[in-house]
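Peer 1: Pasting in a structure now, in structure tokens, and then I'll have a few things to ask.
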Amino acid sequence: MVLARLGGIKTKRVDVVLERVGLGARGLDPFRTYSLGMRQRLGIGAALLPGPELLVLDEPTNGLDPHGIAEIRAMLRSFADDGMTVFVSSHLLSEIQQICEHLVVIETGRLIFQGGVEELLAARAPELIVRTESREDAMHLLQLVSSIGRSAHMVGDNGSTTIEIAADCSWAGDLNRLAMADGITLVHLSERRSTLEEAFFEITRSCAGQTVRESDAPRGAGRSDRAAEARTSEAGRP
């Protein structure tokens, strides 16, 4: 109520917002009785009071239990479905992968990626995970796969029978036939796609390598590059 009065917002808007964030039945309860998840939702409700087109949230699921995280996730998706732009800043990449459609990745003050979630996930190629009946079969299959130019490696300890192959599911049938032709039985075959966290590390490693290469360049070359960038930027001005 206080925020509504300060913002010149009609008090009936408060009831609407409380219902929207799932606190309609607790609107008159003292704040001290609210759980952490309820306080998070109340904070989001306060931001919704003026009916914004853009909602900016910093770590909205921080400290919540799995149930609370799922509630916030569903709430944010509902805002987006209603046409609101929701900007979320978070280090919980697994949550970002489930919520967001568009990403901006910043590391040490530099923009290193901007685009769709699927675009970033494509930075790391999918893999086929294969398991055989015995270690000997796994070693033999690894040799077969490598001999036809596919990148592959064993996973796990010395007794492991699991192989990771750099290929997507479209090659699964060929792999199965290749194994069968040599009498190898596959007890497991699946495709594993990268998570957002893995893709993040992939692009940050690439950017770190690029930074090292740039730091090794002659000083004159660096100045020329910066001058060229400045001229390009100014050329686009009216």
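Every chain in the structure tokens has a letter given in the order shown (A, B, ...), and although residue numbers restart at 1 in each chain, ligands are simply numbered from 1 in the order shown.
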Determine, counting only C-alpha atoms, which protein, DNA and RNA residues have an atom within 6 Å of an atom of region 125-138 of chain A; residues of the same chain fewer than 4 positions away are not included. Present the result as a compact mmCIF listing (two decimals) with N, CA and C atoms, in the first residue's frame.
Peer 2:
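And here's around01.txt as it stands now:
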```txt
# COMPACT_ATOMS: atom_id res chain seq x y z
N THR A 161 33.50 -48.85 -20.05
CA THR A 161 33.09 -49.35 -21.38
C THR A 161 32.33 -48.25 -22.13
N THR A 162 32.49 -47.02 -21.72
CA THR A 162 31.74 -45.89 -22.29
C THR A 162 32.64 -45.06 -23.20
N ILE A 163 32.09 -44.70 -24.36
CA ILE A 163 32.81 -43.89 -25.34
C ILE A 163 31.97 -42.67 -25.67
N GLU A 164 32.64 -41.52 -25.82
CA GLU A 164 32.00 -40.31 -26.31
C GLU A 164 32.49 -40.06 -27.73
N ILE A 165 31.56 -39.87 -28.65
CA ILE A 165 31.89 -39.67 -30.06
C ILE A 165 31.34 -38.32 -30.53
N ALA A 166 32.16 -37.56 -31.21
CA ALA A 166 31.74 -36.25 -31.70
C ALA A 166 30.83 -36.44 -32.91
N ALA A 167 29.54 -36.62 -32.65
CA ALA A 167 28.54 -36.82 -33.71
C ALA A 167 27.16 -36.61 -33.10
N ASP A 168 26.19 -36.29 -33.93
CA ASP A 168 24.83 -36.16 -33.43
C ASP A 168 24.03 -37.42 -33.74
N LEU A 186 25.98 -53.07 -28.54
CA LEU A 186 25.85 -51.82 -27.80
C LEU A 186 24.74 -51.97 -26.77
N VAL A 187 25.08 -51.72 -25.52
CA VAL A 187 24.08 -51.81 -24.46
C VAL A 187 23.49 -50.44 -24.15
N HIS A 188 24.09 -49.40 -24.71
CA HIS A 188 23.56 -48.04 -24.51
C HIS A 188 24.01 -47.18 -25.68
N LEU A 189 23.08 -46.37 -26.21
CA LEU A 189 23.40 -45.42 -27.27
C LEU A 189 22.46 -44.24 -27.15
N SER A 190 23.01 -43.06 -26.92
CA SER A 190 22.17 -41.87 -26.77
C SER A 190 22.94 -40.64 -27.22
N GLU A 191 22.18 -39.58 -27.48
CA GLU A 191 22.79 -38.30 -27.84
C GLU A 191 22.82 -37.40 -26.61
N ARG A 192 23.94 -36.74 -26.41
CA ARG A 192 24.04 -35.78 -25.31
C ARG A 192 24.33 -34.40 -25.89
N ARG A 193 23.41 -33.49 -25.65
CA ARG A 193 23.62 -32.11 -26.10
C ARG A 193 24.17 -31.29 -24.93
```
Peer 1: Extract, using only C-alpha atoms, all DNA, RNA and protein residues at most 10 Å from Ala47 (chain A), discarding same-chain residues fewer than 6 positions from it, and format them as a ChimeraX atom specification.
Peer 2: /A:3,17,41,54-57
Peer 1: Identify which of the residues A:Met139, A:Leu93, A:Leu144, A:Met84 lies closest to Ser160 (chain A), counting only C-alpha atoms when measuring atom-to-atom distances.
Peer 2: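 Result for the nearest residue to Ser160 (chain A): A:Met139.
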Peer 1: With only C-alpha atoms as the counted atoms, please give the residues lying no more than 8 Å from Glu59 (chain A), apart from itself and same-chain residues fewer than 2 positions off, as a PDB file with N, CA and C atoms, in the first residue's frame.
Peer 2:
```pdb
ATOM      1  N   LEU A  57      15.181  -7.960 -13.289  1.00  0.00           N
ATOM      2  CA  LEU A  57      15.315  -8.718 -12.047  1.00  0.00           C
ATOM      3  C   LEU A  57      16.755  -9.202 -11.890  1.00  0.00           C
ATOM      4  N   THR A  61      15.811 -16.051  -8.265  1.00  0.00           N
ATOM      5  CA  THR A  61      15.628 -17.350  -7.609  1.00  0.00           C
ATOM      6  C   THR A  61      16.706 -17.631  -6.567  1.00  0.00           C
ATOM      7  N   ASN A  62      17.516 -16.633  -6.243  1.00  0.00           N
ATOM      8  CA  ASN A  62      18.625 -16.833  -5.315  1.00  0.00           C
ATOM      9  C   ASN A  62      18.125 -17.244  -3.928  1.00  0.00           C
ATOM     10  N   VAL A  88      16.580 -10.728 -16.962  1.00  0.00           N
ATOM     11  CA  VAL A  88      17.035 -11.427 -15.760  1.00  0.00           C
ATOM     12  C   VAL A  88      18.558 -11.479 -15.728  1.00  0.00           C
ATOM     13  N   SER A  89      19.138 -10.997 -14.639  1.00  0.00           N
ATOM     14  CA  SER A  89      20.577 -11.124 -14.424  1.00  0.00           C
ATOM     15  C   SER A  89      20.792 -12.258 -13.435  1.00  0.00           C
ATOM     16  N   SER A  90      21.574 -13.281 -13.836  1.00  0.00           N
ATOM     17  CA  SER A  90      21.748 -14.442 -12.963  1.00  0.00           C
ATOM     18  C   SER A  90      23.010 -15.210 -13.318  1.00  0.00           C
ATOM     19  N   HIS A  91      23.594 -15.874 -12.302  1.00  0.00           N
ATOM     20  CA  HIS A  91      24.725 -16.771 -12.543  1.00  0.00           C
ATOM     21  C   HIS A  91      24.259 -18.223 -12.555  1.00  0.00           C
TER      22      HIS A  91
END
```
Peer 1: So, counting only C-alpha atoms, which residue among A:Ala179, A:Ala172, A:Leu42, A:Leu121 is closest to Glu202 (chain A)?
Peer 2: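 Looking at the shortest contact to Glu202 (chain A), the residue is A:Leu121.
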Peer 1: Using only C-alpha atoms, find the one residue out of A:Val16, A:Ile69, A:Leu76, A:Leu178 that sits nearest to Ile99 (chain A).
Peer 2: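 Closest to Ile99 (chain A), using only C-alpha atoms: A:Leu76.
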